[in-house]
Amino acid sequence: MPAKPGQAAVLFDLDGTLTDPFLGISRSLQHALETLGYPVPEANSLRAYIGPPLQATFPKLLASEDAALAAEGLRLYRERYAEIGKFENAIIPGIAEAVSALAAKGYFLAVATSKLETYSREIVAHFGLAPFFGEIHGSQLDGSRADKAELIRHIVATEGIDPKRSVMIGDRMHDVVGAATNGMKAIGVLWGFGDRAELAAAGAVAIVEAPGELPALVEEVLSNR
């Protein structure tokens, strides 16, 4: 359901913010590369690729500008991820309590992720978080809304939220920059795949180390608009 008129909003990234998807994403990337005949990188070397849109990731992983090759890599990734990888995942300890507290404070909550919207809905429901969120927004099969700025612009228009009364919470620079592009503040989190330097350089108004810090900090950020 859309936000109520004048309701303050909190947008959450999914991967690295609500859940830790490392196993599912890294194994699905390895599957795609192996099937294409590329060397299979060690899993930890793939951490930097978690967060940005996959449409931007595959040309880098394949070291190629061949659009057809990148599209095949993405298809192979999704082939495994849709069946197995999406649930090779774990909820971030303490995030359910933080989300519940924010919902209880009367904020409109929405998921804003570059992950496919269909997968995102399944994952959020799987971990019991769906009741707290008014809506879940993600990318589409054609690649639209994979860019975080485009996605947040879509959410602002669709849900009728005021960017100046909203905050984006995420673990990568794309979350922070996407929010700023739409006139929205962002809080960075350190339990995901970005680090403090990345988030600070992107312009996060605050950076937190634990989910329990979020309810009070969101209230502080939105009251200082």
# chains A, B, ... in the order shown; residues from 1 in each chain; ligands from 1
$ select_by_dssp --residues "segment 97-198 of chain A" --states "helix (DSSP H, G or I)" --output "ChimeraX atom specification"
/A:97-104,117-126,130-132,148-159,163-165,173-181,196-198
$ write_last_selection --atoms "N, CA and C atoms" --output "compact mmCIF listing (two decimals), in the first residue's frame"
# COMPACT_ATOMS: atom_id res chain seq x y z
N GLU A 97 14.36 -6.83 14.43
CA GLU A 97 13.95 -6.00 15.57
C GLU A 97 13.99 -4.52 15.20
N ALA A 98 15.01 -4.12 14.44
CA ALA A 98 15.14 -2.72 14.03
C ALA A 98 14.01 -2.33 13.08
N VAL A 99 13.71 -3.19 12.12
CA VAL A 99 12.64 -2.92 11.17
C VAL A 99 11.29 -2.85 11.89
N SER A 100 11.07 -3.77 12.82
CA SER A 100 9.84 -3.79 13.59
C SER A 100 9.67 -2.50 14.40
N ALA A 101 10.76 -2.04 14.99
CA ALA A 101 10.71 -0.81 15.79
C ALA A 101 10.39 0.40 14.92
N LEU A 102 10.97 0.46 13.73
CA LEU A 102 10.69 1.57 12.83
C LEU A 102 9.24 1.55 12.35
N ALA A 103 8.73 0.37 12.05
CA ALA A 103 7.33 0.27 11.64
C ALA A 103 6.41 0.70 12.78
N ALA A 104 6.76 0.33 14.00
CA ALA A 104 5.95 0.69 15.16
C ALA A 104 5.94 2.19 15.40
N GLU A 117 12.86 -7.82 -8.64
CA GLU A 117 11.75 -7.63 -7.70
C GLU A 117 11.11 -8.97 -7.32
N THR A 118 11.00 -9.88 -8.28
CA THR A 118 10.37 -11.17 -7.98
C THR A 118 11.17 -11.93 -6.92
N TYR A 119 12.50 -11.98 -7.07
CA TYR A 119 13.34 -12.64 -6.06
C TYR A 119 13.21 -11.92 -4.72
N SER A 120 13.21 -10.61 -4.77
CA SER A 120 13.20 -9.81 -3.54
C SER A 120 11.96 -10.08 -2.71
N ARG A 121 10.82 -10.16 -3.37
CA ARG A 121 9.58 -10.44 -2.65
C ARG A 121 9.65 -11.81 -1.96
N GLU A 122 10.20 -12.79 -2.66
CA GLU A 122 10.31 -14.14 -2.08
C GLU A 122 11.24 -14.14 -0.88
N ILE A 123 12.35 -13.44 -0.99
CA ILE A 123 13.35 -13.42 0.08
C ILE A 123 12.81 -12.70 1.31
N VAL A 124 12.20 -11.54 1.11
CA VAL A 124 11.65 -10.78 2.23
C VAL A 124 10.57 -11.60 2.95
N ALA A 125 9.74 -12.28 2.19
CA ALA A 125 8.71 -13.13 2.79
C ALA A 125 9.34 -14.32 3.52
N HIS A 126 10.35 -14.92 2.92
CA HIS A 126 11.03 -16.09 3.49
C HIS A 126 11.57 -15.80 4.88
N ALA A 130 8.13 -9.38 5.52
CA ALA A 130 7.11 -8.77 4.66
C ALA A 130 6.07 -7.96 5.42
N PRO A 131 5.62 -8.38 6.61
CA PRO A 131 4.57 -7.61 7.30
C PRO A 131 4.99 -6.19 7.66
N PHE A 132 6.28 -5.93 7.72
CA PHE A 132 6.75 -4.61 8.13
C PHE A 132 6.83 -3.62 6.97
N LYS A 148 20.12 2.44 -8.92
CA LYS A 148 19.47 2.82 -7.67
C LYS A 148 18.82 4.19 -7.75
N ALA A 149 19.40 5.13 -8.47
CA ALA A 149 18.77 6.44 -8.61
C ALA A 149 17.44 6.34 -9.34
N GLU A 150 17.41 5.56 -10.42
CA GLU A 150 16.17 5.35 -11.17
C GLU A 150 15.13 4.67 -10.29
N LEU A 151 15.58 3.69 -9.52
CA LEU A 151 14.67 2.94 -8.66
C LEU A 151 14.04 3.85 -7.61
N ILE A 152 14.86 4.65 -6.94
CA ILE A 152 14.33 5.54 -5.90
C ILE A 152 13.40 6.58 -6.50
N ARG A 153 13.72 7.08 -7.68
CA ARG A 153 12.82 8.01 -8.36
C ARG A 153 11.46 7.35 -8.61
N HIS A 154 11.48 6.09 -9.01
CA HIS A 154 10.25 5.34 -9.22
C HIS A 154 9.47 5.19 -7.92
N ILE A 155 10.16 4.90 -6.83
CA ILE A 155 9.50 4.72 -5.54
C ILE A 155 8.87 6.02 -5.06
N VAL A 156 9.60 7.12 -5.20
CA VAL A 156 9.06 8.43 -4.81
C VAL A 156 7.76 8.71 -5.55
N ALA A 157 7.76 8.44 -6.86
CA ALA A 157 6.57 8.71 -7.67
C ALA A 157 5.44 7.74 -7.37
N THR A 158 5.76 6.47 -7.23
CA THR A 158 4.74 5.44 -7.04
C THR A 158 4.10 5.50 -5.66
N GLU A 159 4.93 5.70 -4.64
CA GLU A 159 4.43 5.67 -3.27
C GLU A 159 4.01 7.04 -2.75
N PRO A 163 10.87 13.08 -0.62
CA PRO A 163 12.29 12.76 -0.39
C PRO A 163 12.87 13.46 0.84
N LYS A 164 12.39 14.65 1.15
CA LYS A 164 12.93 15.40 2.28
C LYS A 164 12.44 14.84 3.62
N ARG A 165 11.43 13.98 3.56
CA ARG A 165 10.93 13.32 4.77
C ARG A 165 11.18 11.81 4.68
N MET A 173 27.88 2.44 -1.92
CA MET A 173 27.83 3.82 -2.40
C MET A 173 26.62 4.07 -3.30
N HIS A 174 26.19 3.02 -4.02
CA HIS A 174 25.06 3.17 -4.94
C HIS A 174 23.79 3.58 -4.20
N ASP A 175 23.62 3.08 -2.97
CA ASP A 175 22.46 3.46 -2.17
C ASP A 175 22.53 4.93 -1.80
N VAL A 176 23.70 5.38 -1.41
CA VAL A 176 23.88 6.76 -0.96
C VAL A 176 23.74 7.74 -2.13
N VAL A 177 24.41 7.43 -3.22
CA VAL A 177 24.36 8.30 -4.40
C VAL A 177 22.95 8.31 -5.00
N GLY A 178 22.32 7.16 -5.06
CA GLY A 178 20.96 7.08 -5.60
C GLY A 178 19.99 7.92 -4.79
N ALA A 179 20.16 7.90 -3.47
CA ALA A 179 19.31 8.73 -2.61
C ALA A 179 19.57 10.20 -2.86
N ALA A 180 20.84 10.59 -2.86
CA ALA A 180 21.20 12.00 -3.05
C ALA A 180 20.70 12.55 -4.38
N THR A 181 20.74 11.73 -5.41
CA THR A 181 20.25 12.14 -6.73
C THR A 181 18.78 12.53 -6.68
N ARG A 196 33.48 1.89 5.54
CA ARG A 196 33.23 3.24 6.01
C ARG A 196 33.73 4.28 5.01
N ALA A 197 34.89 4.04 4.42
CA ALA A 197 35.45 5.02 3.48
C ALA A 197 34.54 5.19 2.26
N GLU A 198 34.06 4.08 1.72
CA GLU A 198 33.17 4.14 0.56
C GLU A 198 31.90 4.92 0.88
$ residues_around --residues "segment 20-26 of chain A" --least-positions-apart "2" --cutoff "12 Å" --atoms "only C-alpha atoms" --output "ChimeraX atom specification"
/A:13-18,28-33,40-51,54,57,74,77-93,95,115,119-120,123,127,171,191-193
$ residues_around --residues "Gly134 of chain A" --least-positions-apart "3" --cutoff "6 Å" --atoms "only C-alpha atoms" --output "PyMOL selection string"
chain A and resi 1+109-110
$ select_by_dssp --residues "segment 35-173 of chain A" --states "strand (DSSP E)" --output "ChimeraX atom specification"
/A:90-91,108-116,135-139,166-170
$ atom_distance --atom1 "atom CA of Ile169 of chain A" --atom2 "atom CA of Gly106 of chain A"
16.8 Å
$ closest_residue --among "A:Gly170, A:Gly212, A:Gly143, A:Gly160" --to "Pro5 of chain A" --atoms "only C-alpha atoms"
A:Gly160
$ atom_distance --atom1 "atom CA of Tyr38 of chain A" --atom2 "atom CA of Leu61 of chain A"
9.5 Å
$ atom_distance --atom1 "atom CA of Ala112 of chain A" --atom2 "atom CA of Ala216 of chain A"
20.9 Å
$ closest_residue --among "A:Leu222, A:Leu76, A:Ile161, A:Val205" --to "Arg27 of chain A" --atoms "only C-alpha atoms"
A:Leu76
$ closest_residue --among "A:Ala206, A:Ala63, A:Leu190, A:Ile136" --to "Pro2 of chain A" --atoms "only C-alpha atoms"
A:Ile136
